[in-house]
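Novice: Take a look at final.cif, mmCIF, C-alpha atoms and all ligand atoms:
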data_final
loop_
_atom_site.group_PDB
_atom_site.id
_atom_site.type_symbol
_atom_site.label_atom_id
_atom_site.label_comp_id
_atom_site.auth_asym_id
_atom_site.auth_seq_id
_atom_site.Cartn_x
_atom_site.Cartn_y
_atom_site.Cartn_z
ATOM 1 C CA MET A 1 -48.801 59.703 24.649
ATOM 2 C CA THR A 2 -51.156 57.048 26.024
ATOM 3 C CA VAL A 3 -53.248 57.682 29.162
ATOM 4 C CA LEU A 4 -51.359 54.856 30.863
ATOM 5 C CA LYS A 5 -48.022 56.519 30.214
ATOM 6 C CA GLU A 6 -49.297 59.911 31.382
ATOM 7 C CA THR A 7 -50.537 58.324 34.618
ATOM 8 C CA LEU A 8 -47.217 56.538 35.110
ATOM 9 C CA ILE A 9 -45.269 59.766 34.667
ATOM 10 C CA ARG A 10 -47.597 61.582 37.107
ATOM 11 C CA GLU A 11 -47.143 58.820 39.682
ATOM 12 C CA ILE A 12 -43.357 58.914 39.259
ATOM 13 C CA LYS A 13 -43.345 62.697 39.798
ATOM 14 C CA THR A 14 -45.531 62.396 42.937
ATOM 15 C CA LEU A 15 -43.373 59.645 44.439
ATOM 16 C CA GLN A 16 -40.216 61.500 43.518
ATOM 17 C CA GLN A 17 -41.320 64.629 45.403
ATOM 18 C CA LYS A 18 -42.609 62.685 48.391
ATOM 19 C CA LYS A 19 -39.318 60.772 48.667
ATOM 20 C CA ASN A 20 -36.982 63.667 47.863
ATOM 21 C CA THR A 21 -35.430 61.809 44.917
ATOM 22 C CA ILE A 22 -33.303 63.090 42.059
ATOM 23 C CA ILE A 23 -33.609 61.199 38.769
ATOM 24 C CA LEU A 24 -30.331 61.143 36.826
ATOM 25 C CA ALA A 25 -30.368 59.772 33.278
ATOM 26 C CA HIS A 26 -27.672 59.039 30.731
ATOM 27 C CA PHE A 27 -28.102 60.216 27.121
ATOM 28 C CA TYR A 28 -28.451 56.567 26.040
ATOM 29 C CA GLN A 29 -31.745 56.146 27.901
ATOM 30 C CA VAL A 30 -34.954 55.967 25.852
ATOM 31 C CA PRO A 31 -36.465 59.435 25.125
ATOM 32 C CA GLU A 32 -39.341 59.099 27.622
ATOM 33 C CA ILE A 33 -36.848 58.493 30.459
ATOM 34 C CA GLN A 34 -34.655 61.412 29.379
ATOM 35 C CA ASP A 35 -37.772 63.608 29.371
ATOM 36 C CA ILE A 36 -38.758 62.864 32.978
ATOM 37 C CA ALA A 37 -35.211 63.084 34.407
ATOM 38 C CA ASP A 38 -34.038 65.992 36.556
ATOM 39 C CA PHE A 39 -30.703 65.842 34.819
ATOM 40 C CA VAL A 40 -29.511 64.150 31.616
ATOM 41 C CA GLY A 41 -25.792 63.964 30.932
ATOM 42 C CA ASP A 42 -22.699 62.013 29.961
ATOM 43 C CA SER A 43 -20.778 59.922 32.499
ATOM 44 C CA LEU A 44 -18.719 62.815 33.817
ATOM 45 C CA ALA A 45 -21.611 65.258 34.278
ATOM 46 C CA LEU A 46 -23.702 62.525 35.913
ATOM 47 C CA ALA A 47 -20.913 61.708 38.374
ATOM 48 C CA GLN A 48 -20.563 65.411 39.201
ATOM 49 C CA SER A 49 -24.305 65.738 39.658
ATOM 50 C CA ALA A 50 -24.474 62.654 41.935
ATOM 51 C CA TYR A 51 -21.601 64.058 44.011
ATOM 52 C CA GLU A 52 -23.267 67.435 44.484
ATOM 53 C CA THR A 53 -26.902 66.495 45.057
ATOM 54 C CA ASP A 54 -28.575 66.954 48.427
ATOM 55 C CA ALA A 55 -31.591 64.797 47.514
ATOM 56 C CA GLU A 56 -32.089 61.839 49.842
ATOM 57 C CA ILE A 57 -32.398 59.244 47.084
ATOM 58 C CA ILE A 58 -30.554 59.093 43.765
ATOM 59 C CA LEU A 59 -32.432 57.120 41.114
ATOM 60 C CA PHE A 60 -29.870 56.337 38.445
ATOM 61 C CA ALA A 61 -31.337 55.646 35.005
ATOM 62 C CA GLY A 62 -28.153 54.375 33.421
ATOM 63 C CA VAL A 63 -26.012 51.285 33.879
ATOM 64 C CA HIS A 64 -24.639 49.617 36.996
ATOM 65 C CA PHE A 65 -21.125 51.132 37.031
ATOM 66 C CA MET A 66 -22.669 54.624 36.846
ATOM 67 C CA ALA A 67 -24.976 53.992 39.824
ATOM 68 C CA GLU A 68 -22.042 52.452 41.692
ATOM 69 C CA THR A 69 -19.986 55.594 41.028
ATOM 70 C CA ALA A 70 -22.851 57.714 42.398
ATOM 71 C CA LYS A 71 -22.887 55.625 45.593
ATOM 72 C CA ILE A 72 -19.106 55.889 45.981
ATOM 73 C CA LEU A 73 -19.244 59.666 45.577
ATOM 74 C CA ASN A 74 -22.241 60.200 47.833
ATOM 75 C CA PRO A 75 -22.332 57.175 50.187
ATOM 76 C CA ALA A 76 -24.780 58.730 52.661
ATOM 77 C CA LYS A 77 -27.508 58.666 49.982
ATOM 78 C CA LYS A 78 -29.648 55.736 48.972
ATOM 79 C CA VAL A 79 -28.801 54.965 45.320
ATOM 80 C CA ILE A 80 -31.345 52.926 43.365
ATOM 81 C CA ILE A 81 -31.249 51.608 39.812
ATOM 82 C CA PRO A 82 -34.384 50.524 37.890
ATOM 83 C CA ASP A 83 -32.811 47.227 36.732
ATOM 84 C CA LEU A 84 -29.836 45.609 38.479
ATOM 85 C CA GLU A 85 -29.134 43.671 35.274
ATOM 86 C CA ALA A 86 -28.239 46.883 33.425
ATOM 87 C CA GLY A 87 -24.540 46.064 33.177
ATOM 88 C CA CYS A 88 -21.877 47.039 30.643
ATOM 89 C CA SER A 89 -19.870 44.750 28.357
ATOM 90 C CA LEU A 90 -16.880 47.053 28.685
ATOM 91 C CA ALA A 91 -16.901 46.969 32.500
ATOM 92 C CA ASP A 92 -17.364 43.172 32.330
ATOM 93 C CA SER A 93 -14.344 42.843 30.037
ATOM 94 C CA CYS A 94 -12.060 43.702 32.968
ATOM 95 C CA PRO A 95 -12.486 41.224 35.865
ATOM 96 C CA PRO A 96 -10.729 42.672 38.962
ATOM 97 C CA GLU A 97 -8.679 39.541 39.812
ATOM 98 C CA GLU A 98 -7.283 39.274 36.277
ATOM 99 C CA PHE A 99 -6.636 42.981 36.172
ATOM 100 C CA ASN A 100 -4.804 42.855 39.493
ATOM 101 C CA ALA A 101 -2.509 40.124 38.125
ATOM 102 C CA PHE A 102 -1.898 42.259 35.008
ATOM 103 C CA LYS A 103 -1.106 45.265 37.208
ATOM 104 C CA GLU A 104 1.440 43.222 39.173
ATOM 105 C CA LEU A 105 3.291 42.533 35.916
ATOM 106 C CA HIS A 106 3.819 46.291 35.546
ATOM 107 C CA PRO A 107 4.916 47.442 39.016
ATOM 108 C CA ASP A 108 6.339 50.814 37.916
ATOM 109 C CA HIS A 109 3.140 51.900 36.117
ATOM 110 C CA VAL A 110 0.273 54.061 37.347
ATOM 111 C CA VAL A 111 -3.259 52.934 36.484
ATOM 112 C CA VAL A 112 -5.674 55.199 34.630
ATOM 113 C CA SER A 113 -9.102 53.563 34.442
ATOM 114 C CA TYR A 114 -11.985 54.580 32.246
ATOM 115 C CA ILE A 115 -15.065 55.065 34.423
ATOM 116 C CA ASN A 116 -16.747 52.116 32.623
ATOM 117 C CA CYS A 117 -15.333 49.594 35.094
ATOM 118 C CA SER A 118 -16.387 47.984 38.363
ATOM 119 C CA ALA A 119 -15.833 49.552 41.802
ATOM 120 C CA SER A 120 -13.200 46.852 42.441
ATOM 121 C CA VAL A 121 -11.198 47.906 39.367
ATOM 122 C CA LYS A 122 -11.578 51.552 40.395
ATOM 123 C CA ALA A 123 -10.120 50.585 43.785
ATOM 124 C CA LEU A 124 -7.030 49.252 41.948
ATOM 125 C CA SER A 125 -6.589 52.539 40.041
ATOM 126 C CA ASP A 126 -4.644 55.750 40.587
ATOM 127 C CA VAL A 127 -7.097 57.935 38.715
ATOM 128 C CA ILE A 128 -10.362 57.536 36.799
ATOM 129 C CA CYS A 129 -11.266 59.250 33.546
ATOM 130 C CA THR A 130 -14.258 59.492 31.240
ATOM 131 C CA SER A 131 -14.313 59.938 27.479
ATOM 132 C CA SER A 132 -14.600 63.699 27.980
ATOM 133 C CA ASN A 133 -11.473 64.120 30.104
ATOM 134 C CA ALA A 134 -9.253 61.101 29.254
ATOM 135 C CA ILE A 135 -6.657 63.215 27.406
ATOM 136 C CA LYS A 136 -6.481 65.782 30.216
ATOM 137 C CA VAL A 137 -6.178 63.072 32.887
ATOM 138 C CA VAL A 138 -3.388 61.235 31.025
ATOM 139 C CA GLU A 139 -1.550 64.497 30.349
ATOM 140 C CA SER A 140 -1.616 65.308 34.069
ATOM 141 C CA PHE A 141 1.218 62.753 34.377
ATOM 142 C CA PRO A 142 4.768 63.596 33.253
ATOM 143 C CA LYS A 143 5.675 62.271 29.774
ATOM 144 C CA GLU A 144 8.063 59.680 31.203
ATOM 145 C CA GLN A 145 5.492 58.219 33.619
ATOM 146 C CA LYS A 146 4.573 54.662 32.613
ATOM 147 C CA ILE A 147 0.816 54.134 32.470
ATOM 148 C CA ILE A 148 -1.611 51.218 32.265
ATOM 149 C CA PHE A 149 -4.932 52.191 30.693
ATOM 150 C CA THR A 150 -8.015 50.036 31.262
ATOM 151 C CA PRO A 151 -10.495 48.705 30.166
ATOM 152 C CA ASP A 152 -11.197 50.189 26.702
ATOM 153 C CA ILE A 153 -8.522 49.423 24.102
ATOM 154 C CA ASN A 154 -10.088 51.746 21.511
ATOM 155 C CA LEU A 155 -10.179 54.757 23.822
ATOM 156 C CA GLY A 156 -6.663 53.847 25.017
ATOM 157 C CA ASN A 157 -5.353 53.725 21.439
ATOM 158 C CA TYR A 158 -7.025 57.043 20.685
ATOM 159 C CA VAL A 159 -5.483 58.713 23.759
ATOM 160 C CA ASN A 160 -2.056 57.239 22.896
ATOM 161 C CA HIS A 161 -2.433 58.666 19.378
ATOM 162 C CA ILE A 162 -3.420 62.177 20.564
ATOM 163 C CA THR A 163 -0.942 62.459 23.439
ATOM 164 C CA GLY A 164 2.004 60.597 21.894
ATOM 165 C CA ARG A 165 2.124 58.330 24.973
ATOM 166 C CA ASN A 166 2.709 54.629 24.891
ATOM 167 C CA MET A 167 0.301 53.431 27.570
ATOM 168 C CA VAL A 168 -0.018 49.695 28.154
ATOM 169 C CA LEU A 169 -3.582 48.833 27.185
ATOM 170 C CA TRP A 170 -6.023 46.325 28.650
ATOM 171 C CA ASN A 171 -7.847 44.550 25.820
ATOM 172 C CA GLY A 172 -11.482 45.426 26.617
ATOM 173 C CA SER A 173 -14.171 46.912 24.418
ATOM 174 C CA CYS A 174 -17.788 48.009 24.230
ATOM 175 C CA GLU A 175 -20.052 45.616 22.360
ATOM 176 C CA VAL A 176 -22.022 48.554 20.930
ATOM 177 C CA HIS A 177 -19.227 50.800 19.632
ATOM 178 C CA ASP A 178 -16.699 48.123 18.731
ATOM 179 C CA VAL A 179 -19.020 46.494 16.169
ATOM 180 C CA ILE A 180 -19.548 49.626 14.067
ATOM 181 C CA THR A 181 -18.188 48.781 10.627
ATOM 182 C CA VAL A 182 -16.368 50.783 7.966
ATOM 183 C CA GLU A 183 -18.867 49.458 5.388
ATOM 184 C CA SER A 184 -21.904 50.848 7.206
ATOM 185 C CA VAL A 185 -20.277 54.273 7.715
ATOM 186 C CA MET A 186 -19.187 54.345 4.052
ATOM 187 C CA GLN A 187 -22.638 53.346 2.855
ATOM 188 C CA LEU A 188 -24.249 56.254 4.732
ATOM 189 C CA LYS A 189 -21.566 58.659 3.506
ATOM 190 C CA LYS A 190 -22.209 57.502 -0.077
ATOM 191 C CA GLU A 191 -25.921 58.189 0.329
ATOM 192 C CA HIS A 192 -25.330 61.510 2.146
ATOM 193 C CA PRO A 193 -22.027 62.999 0.925
ATOM 194 C CA ASP A 194 -22.858 66.351 2.559
ATOM 195 C CA ALA A 195 -23.100 64.797 6.056
ATOM 196 C CA LYS A 196 -20.338 65.134 8.660
ATOM 197 C CA ILE A 197 -19.196 61.938 10.385
ATOM 198 C CA ILE A 198 -18.934 62.122 14.170
ATOM 199 C CA ALA A 199 -17.811 59.283 16.451
ATOM 200 C CA HIS A 200 -17.438 58.287 20.100
ATOM 201 C CA PRO A 201 -13.834 57.293 20.992
ATOM 202 C CA GLU A 202 -14.998 53.798 22.024
ATOM 203 C CA CYS A 203 -15.192 53.051 18.258
ATOM 204 C CA LYS A 204 -12.322 51.251 16.505
ATOM 205 C CA ALA A 205 -9.376 53.345 15.220
ATOM 206 C CA ILE A 206 -10.442 52.788 11.601
ATOM 207 C CA ILE A 207 -13.847 54.397 12.310
ATOM 208 C CA LEU A 208 -12.221 57.268 14.210
ATOM 209 C CA ALA A 209 -9.923 57.833 11.211
ATOM 210 C CA MET A 210 -13.018 58.436 9.064
ATOM 211 C CA ALA A 211 -14.585 60.910 11.488
ATOM 212 C CA ASP A 212 -14.706 64.699 11.108
ATOM 213 C CA TYR A 213 -15.097 64.934 14.865
ATOM 214 C CA ILE A 214 -14.463 62.584 17.822
ATOM 215 C CA GLY A 215 -15.811 63.167 21.296
ATOM 216 C CA SER A 216 -17.741 62.081 24.366
ATOM 217 C CA THR A 217 -21.518 62.014 24.287
ATOM 218 C CA THR A 218 -21.898 65.637 25.456
ATOM 219 C CA SER A 219 -19.124 66.816 23.208
ATOM 220 C CA LEU A 220 -20.789 65.176 20.154
ATOM 221 C CA LEU A 221 -24.050 66.838 21.119
ATOM 222 C CA ASN A 222 -22.399 70.264 21.360
ATOM 223 C CA TYR A 223 -20.649 69.720 18.045
ATOM 224 C CA THR A 224 -23.943 69.087 16.224
ATOM 225 C CA LYS A 225 -25.369 72.219 17.837
ATOM 226 C CA ASN A 226 -22.485 74.515 16.938
ATOM 227 C CA ASP A 227 -21.294 73.175 13.580
ATOM 228 C CA PRO A 228 -22.956 74.749 10.518
ATOM 229 C CA ALA A 229 -23.494 71.336 8.828
ATOM 230 C CA LYS A 230 -27.135 70.291 8.433
ATOM 231 C CA LYS A 231 -26.572 66.519 8.377
ATOM 232 C CA PHE A 232 -24.563 64.233 10.640
ATOM 233 C CA ILE A 233 -23.645 60.545 10.491
ATOM 234 C CA ILE A 234 -23.475 59.408 14.109
ATOM 235 C CA ALA A 235 -21.161 56.550 15.120
ATOM 236 C CA THR A 236 -22.374 55.937 18.651
ATOM 237 C CA GLU A 237 -25.444 54.765 20.592
ATOM 238 C CA THR A 238 -28.920 55.700 19.316
ATOM 239 C CA GLY A 239 -30.135 57.388 22.527
ATOM 240 C CA ILE A 240 -28.122 60.554 21.850
ATOM 241 C CA LEU A 241 -30.312 61.350 18.821
ATOM 242 C CA HIS A 242 -33.134 62.481 21.113
ATOM 243 C CA ALA A 243 -31.112 65.347 22.616
ATOM 244 C CA MET A 244 -29.576 66.209 19.227
ATOM 245 C CA GLN A 245 -32.999 66.482 17.584
ATOM 246 C CA LYS A 246 -34.359 68.509 20.493
ATOM 247 C CA ILE A 247 -31.494 71.025 20.350
ATOM 248 C CA SER A 248 -31.286 71.213 16.530
ATOM 249 C CA PRO A 249 -34.740 70.374 15.107
ATOM 250 C CA ASP A 250 -33.722 71.718 11.686
ATOM 251 C CA LYS A 251 -30.818 69.246 11.307
ATOM 252 C CA GLU A 252 -30.764 65.609 10.201
ATOM 253 C CA PHE A 253 -29.125 62.838 12.223
ATOM 254 C CA LEU A 254 -28.286 59.450 10.736
ATOM 255 C CA ILE A 255 -27.260 56.723 13.156
ATOM 256 C CA VAL A 256 -24.771 54.141 11.875
ATOM 257 C CA PRO A 257 -26.726 50.873 12.139
ATOM 258 C CA ALA A 258 -25.353 48.065 14.300
ATOM 259 C CA ASP A 259 -25.910 45.553 11.488
ATOM 260 C CA GLU A 260 -27.942 45.107 8.317
ATOM 261 C CA THR A 261 -30.999 43.807 10.223
ATOM 262 C CA CYS A 262 -31.448 46.930 12.339
ATOM 263 C CA SER A 263 -31.534 50.677 11.668
ATOM 264 C CA CYS A 264 -30.383 51.476 15.200
ATOM 265 C CA ASN A 265 -27.400 50.953 17.463
ATOM 266 C CA ASP A 266 -28.914 50.352 20.894
ATOM 267 C CA CYS A 267 -27.003 49.432 24.051
ATOM 268 C CA PRO A 268 -28.981 46.437 25.382
ATOM 269 C CA TYR A 269 -27.999 47.304 28.957
ATOM 270 C CA MET A 270 -29.005 50.972 28.842
ATOM 271 C CA LYS A 271 -32.276 49.918 27.236
ATOM 272 C CA LYS A 272 -33.194 47.605 30.125
ATOM 273 C CA ASN A 273 -34.556 50.622 31.989
ATOM 274 C CA THR A 274 -38.216 51.508 31.413
ATOM 275 C CA LEU A 275 -40.703 53.969 32.921
ATOM 276 C CA GLU A 276 -42.469 51.028 34.586
ATOM 277 C CA LYS A 277 -39.235 49.879 36.247
ATOM 278 C CA ILE A 278 -38.505 53.454 37.356
ATOM 279 C CA TYR A 279 -41.915 53.632 39.013
ATOM 280 C CA LEU A 280 -41.431 50.303 40.791
ATOM 281 C CA SER A 281 -37.905 51.056 41.968
ATOM 282 C CA LEU A 282 -39.053 54.399 43.338
ATOM 283 C CA GLU A 283 -42.013 52.851 45.124
ATOM 284 C CA ARG A 284 -39.963 49.992 46.642
ATOM 285 C CA GLU A 285 -36.710 51.949 46.971
ATOM 286 C CA LYS A 286 -34.839 49.053 45.387
ATOM 287 C CA PRO A 287 -32.839 47.528 43.763
ATOM 288 C CA GLU A 288 -30.370 49.458 45.874
ATOM 289 C CA ILE A 289 -26.619 49.766 45.260
ATOM 290 C CA ILE A 290 -24.882 48.387 48.360
ATOM 291 C CA LEU A 291 -21.092 48.547 48.649
ATOM 292 C CA GLU A 292 -18.718 47.743 51.466
ATOM 293 C CA GLN A 293 -17.279 50.741 53.256
ATOM 294 C CA GLU A 294 -13.702 49.650 52.576
ATOM 295 C CA LEU A 295 -14.366 49.378 48.835
ATOM 296 C CA ILE A 296 -16.052 52.793 48.816
ATOM 297 C CA LEU A 297 -13.023 54.368 50.458
ATOM 298 C CA LYS A 298 -10.556 52.739 48.047
ATOM 299 C CA ALA A 299 -12.574 53.500 44.893
ATOM 300 C CA ARG A 300 -13.428 57.054 45.950
ATOM 301 C CA LYS A 301 -9.873 58.391 45.920
ATOM 302 C CA PRO A 302 -9.193 57.953 42.159
ATOM 303 C CA ILE A 303 -12.660 59.266 41.258
ATOM 304 C CA LEU A 304 -12.165 62.392 43.380
ATOM 305 C CA LYS A 305 -8.790 62.878 41.723
ATOM 306 C CA MET A 306 -10.544 62.873 38.347
ATOM 307 C CA LEU A 307 -13.154 65.387 39.558
ATOM 308 C CA ASP A 308 -10.361 67.667 40.793
ATOM 309 C CA LEU A 309 -8.668 67.456 37.392
ATOM 310 C CA SER A 310 -11.953 68.221 35.627
ATOM 311 C CA ILE A 311 -12.617 71.626 37.218
HETATM 312 P P1 LIG B 1 -19.894 59.033 27.865
HETATM 313 O O1 LIG B 1 -18.736 59.228 28.766
HETATM 314 O O2 LIG B 1 -19.728 59.750 26.576
HETATM 315 O O3 LIG B 1 -21.173 59.351 28.564
HETATM 316 O O4 LIG B 1 -19.940 57.493 27.456
HETATM 317 C C1 LIG B 1 -20.444 56.527 28.308
HETATM 318 C C2 LIG B 1 -20.632 55.250 27.661
HETATM 319 O O5 LIG B 1 -20.992 54.276 28.264
HETATM 320 C C3 LIG B 1 -20.324 55.174 26.251
HETATM 321 O O6 LIG B 1 -20.619 53.935 25.776
HETATM 322 FE FE1 LIG B 2 -21.190 49.831 28.239
HETATM 323 FE FE2 LIG B 2 -21.059 50.130 25.619
HETATM 324 FE FE3 LIG B 2 -23.409 50.157 26.798
HETATM 325 FE FE4 LIG B 2 -21.705 52.231 27.105
HETATM 326 S S1 LIG B 2 -22.709 51.572 25.243
HETATM 327 S S2 LIG B 2 -22.888 51.215 28.719
HETATM 328 S S3 LIG B 2 -19.744 51.126 27.124
HETATM 329 S S4 LIG B 2 -22.000 48.392 26.720
#
Rewrite the coordinates I just gave you, this time as structure tokens.

Specialist:
Amino acid sequence: MTVLKETLIREIKTLQQKKNTIILAHFYQVPEIQDIADFVGDSLALAQSAYETDAEIILFAGVHFMAETAKILNPAKKVIIPDLEAGCSLADSCPPEEFNAFKELHPDHVVVSYINCSASVKALSDVICTSSNAIKVVESFPKEQKIIFTPDINLGNYVNHITGRNMVLWNGSCEVHDVITVESVMQLKKEHPDAKIIAHPECKAIILAMADYIGSTTSLLNYTKNDPAKKFIIATETGILHAMQKISPDKEFLIVPADETCSCNDCPYMKKNTLEKIYLSLEREKPEIILEQELILKARKPILKMLDLSI
């Protein structure tokens, strides 16, 4: 590590203590951010952690909808994000006005929304879910209950397949997971026939059909820890490799490349955050997530319902 980086990390730690700040980081952050965070997790664990913290400031090293969720769950806290431009293609694929019109076409349906959506879409929902609890949340409704699932069509299809439901799906997707191709998975499998294929449910159905295991970020991590296989082909975002390698240093992890020009599969939004931006946001206490009280109240209900179902 360079002297500059060491100094930056020291300064972040000093500021963090002085300002009573918790640093939460998603598994898709770069390794150096994961290493300085107080807590690293998937979307569900991060939401739970933001809800429970008594720190005065929450610095969210993730993407905008995650920081927004933290603010909704713990509105008395100041929530800051290193880069306000850290968005999410999946959340953007569901504009609230269009979704509201879609919802009006299905008046007898309840709305289950994947957490990767804006606060305004959450406010239009009956319950929120993440990739780790989507099946449980959907199954909390009686079989005959009609459901709209938004915004991820791949996760929606997967949940329909597992639960035997016939949810109406919004046609949104993640630009990182949705582009993973059969050819690139097959190529890696050809080169490493002894490797197990594991995939995030935001991938297309055809990729999920090839997988030995499907799960949320944390669930994939646990699988690589507990499964006896020594090699894994990973169909998700590159950032998770850091935790996998840390937990299982004797195992080999092969990320499915986004395309033939790159050996990685990085989320451009998650990767907007840097140590430098974390330092600056902590020093200036901004960019801050500001939401109207009315929106907080409306969006909070379905998120709390999810947290209750996740106990
Ligand atoms: P997790 O719920 O697995 O953390 O996924 C979040 C995400 O953005 C996946 O692209
Ligand atoms: Fe959004 Fe996809 Fe990035 Fe996750 S990986 S934050 S779903 S764009």

Novice: Quick one: residues within 6 Å of ligand LIG 1 (chain B), with only C-alpha atoms and all ligand atoms, as a VMD selection string?

Specialist: chain A and resid 42 to 43 130 to 131 216 to 217

Novice: Of the candidates A:Leu73, A:Leu155, A:Val30, A:Leu169, which shows the shortest atom-to-atom distance to Ile214 in chain A, using all atoms listed in the file?

Specialist: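 When distances to Ile214 in chain A are compared using all atoms listed in the file, the smallest one comes from A:Leu155.
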
Novice: For Val63 in chain A, which residue among A:Asp227, A:Asp92, A:Asp38, A:Glu144 is the nearest when counting all atoms listed in the file?

Specialist: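 Ranking A:Asp227, A:Asp92, A:Asp38, A:Glu144 by distance to Val63 in chain A, first place goes to A:Asp92.
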
Novice: With a distance cut-off of 7 Å and only C-alpha atoms, select the neighbouring residues of Lys78 in chain A, excluding the residue or stretch itself and same-chain residues fewer than 4 positions from it, and output the selection as a ChimeraX atom specification.

Specialist: /A:56-58

Novice: Show me which residues line ligand LIG 2 (chain B), defined as having an atom within 10 Å of a ligand atom where only C-alpha atoms and all ligand atoms count, and present them as a PyMOL selection string.

Specialist: chain A and resi 26+28+43+62-66+86-93+114-117+152+173-178+200+202-203+236-239+265-271

Novice: If you measure from CA of Gly164 in chain A to CA of His106 in chain A, what distance in Å do you get, rounded to one decimal?

Specialist: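 Between CA of Gly164 in chain A and CA of His106 in chain A the gap works out to 19.9 Å.
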
Novice: Separation of CA of Ser184 in chain A and CA of Ile240 in chain A, in Å?

Specialist: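 So the answer is 18.6 Å.
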
Novice: Could you name the residues that touch range 245-257 of chain A at 9 Å or less, counting all atoms listed in the file, but leaving out those on the same chain fewer than 2 positions away, as a PyMOL selection string?

Specialist: chain A and resi 180-181+184-185+188+195+221+224-225+229-238+240-243+259-265

Novice: Could the centre and edge lengths of an axis-aligned box, enclosing all atoms of range 102-111 of chain A in the file with 8 Å extra on each side, be given in Å to one decimal as lines of an AutoDock Vina configuration file?

Specialist:
center_x = 1.5
center_y = 48.2
center_z = 37.1
size_x = 25.6
size_y = 27.8
size_z = 20.2

Novice: With the file shown as input, list the residues that the PyMOL selection byres (((chain A and resi 6-9) around 10) and not hetatm) selects, as a list in words.

Specialist: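 Going through the file, the PyMOL selection byres (((chain A and resi 6-9) around 10) and not hetatm) ends up selecting Met1, Thr2, Val3, Leu4, Lys5, Arg10, Glu11, Ile12, Lys13, Thr14, Leu15, Glu32, Ile33, Asp35, Ile36, Leu275, Glu276, Ile278 and Tyr279 of chain A.
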
Novice: When you count all atoms listed in the file, which of these residues is closest to Met210 in chain A: A:Ala45, A:Ile128, A:Ile198, A:Val110?

Specialist: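 Checking each of A:Ala45, A:Ile128, A:Ile198, A:Val110 against Met210 in chain A, counting all atoms listed in the file, the winner is A:Ile198.
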
Novice: State, in Å with one decimal place, the distance from CA of Leu124 in chain A to CA of Glu97 in chain A.

Specialist: 10.1 Å

Novice: Since the input lacks atoms, please generate N, CA, C and O atoms for range 210-220 of chain A and provide them as an mmCIF file, in the frame of the given file.

Specialist:
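Wrote it out as result.cif, contents follow:
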data_model
loop_
_atom_site.group_PDB
_atom_site.id
_atom_site.type_symbol
_atom_site.label_atom_id
_atom_site.label_comp_id
_atom_site.auth_asym_id
_atom_site.auth_seq_id
_atom_site.Cartn_x
_atom_site.Cartn_y
_atom_site.Cartn_z
ATOM 1 N N MET A 210 -12.065 57.928 10.065
ATOM 2 C CA MET A 210 -13.018 58.436 9.064
ATOM 3 C C MET A 210 -13.797 59.646 9.579
ATOM 4 O O MET A 210 -14.512 60.307 8.808
ATOM 5 N N ALA A 211 -13.700 59.911 10.874
ATOM 6 C CA ALA A 211 -14.585 60.910 11.488
ATOM 7 C C ALA A 211 -14.086 62.346 11.308
ATOM 8 O O ALA A 211 -12.884 62.609 11.346
ATOM 9 N N ASP A 212 -15.042 63.271 11.119
ATOM 10 C CA ASP A 212 -14.706 64.699 11.108
ATOM 11 C C ASP A 212 -14.536 65.201 12.532
ATOM 12 O O ASP A 212 -13.870 66.197 12.774
ATOM 13 N N TYR A 213 -15.190 64.508 13.476
ATOM 14 C CA TYR A 213 -15.097 64.934 14.865
ATOM 15 C C TYR A 213 -15.244 63.715 15.779
ATOM 16 O O TYR A 213 -16.063 62.834 15.525
ATOM 17 N N ILE A 214 -14.434 63.689 16.858
ATOM 18 C CA ILE A 214 -14.463 62.584 17.822
ATOM 19 C C ILE A 214 -14.707 63.185 19.198
ATOM 20 O O ILE A 214 -14.051 64.182 19.562
ATOM 21 N N GLY A 215 -15.613 62.614 19.960
ATOM 22 C CA GLY A 215 -15.811 63.167 21.296
ATOM 23 C C GLY A 215 -16.760 62.348 22.141
ATOM 24 O O GLY A 215 -17.419 61.417 21.663
ATOM 25 N N SER A 216 -16.821 62.723 23.422
ATOM 26 C CA SER A 216 -17.741 62.081 24.366
ATOM 27 C C SER A 216 -19.167 62.423 23.958
ATOM 28 O O SER A 216 -19.399 63.264 23.081
ATOM 29 N N THR A 217 -20.105 61.809 24.613
ATOM 30 C CA THR A 217 -21.518 62.014 24.287
ATOM 31 C C THR A 217 -21.891 63.502 24.299
ATOM 32 O O THR A 217 -22.474 64.010 23.336
ATOM 33 N N THR A 218 -21.550 64.209 25.363
ATOM 34 C CA THR A 218 -21.898 65.637 25.456
ATOM 35 C C THR A 218 -21.167 66.440 24.396
ATOM 36 O O THR A 218 -21.733 67.359 23.793
ATOM 37 N N SER A 219 -19.920 66.077 24.173
ATOM 38 C CA SER A 219 -19.124 66.816 23.208
ATOM 39 C C SER A 219 -19.673 66.626 21.783
ATOM 40 O O SER A 219 -19.703 67.568 20.979
ATOM 41 N N LEU A 220 -20.165 65.415 21.471
ATOM 42 C CA LEU A 220 -20.789 65.176 20.154
ATOM 43 C C LEU A 220 -22.061 66.014 20.028
ATOM 44 O O LEU A 220 -22.331 66.620 18.985
#
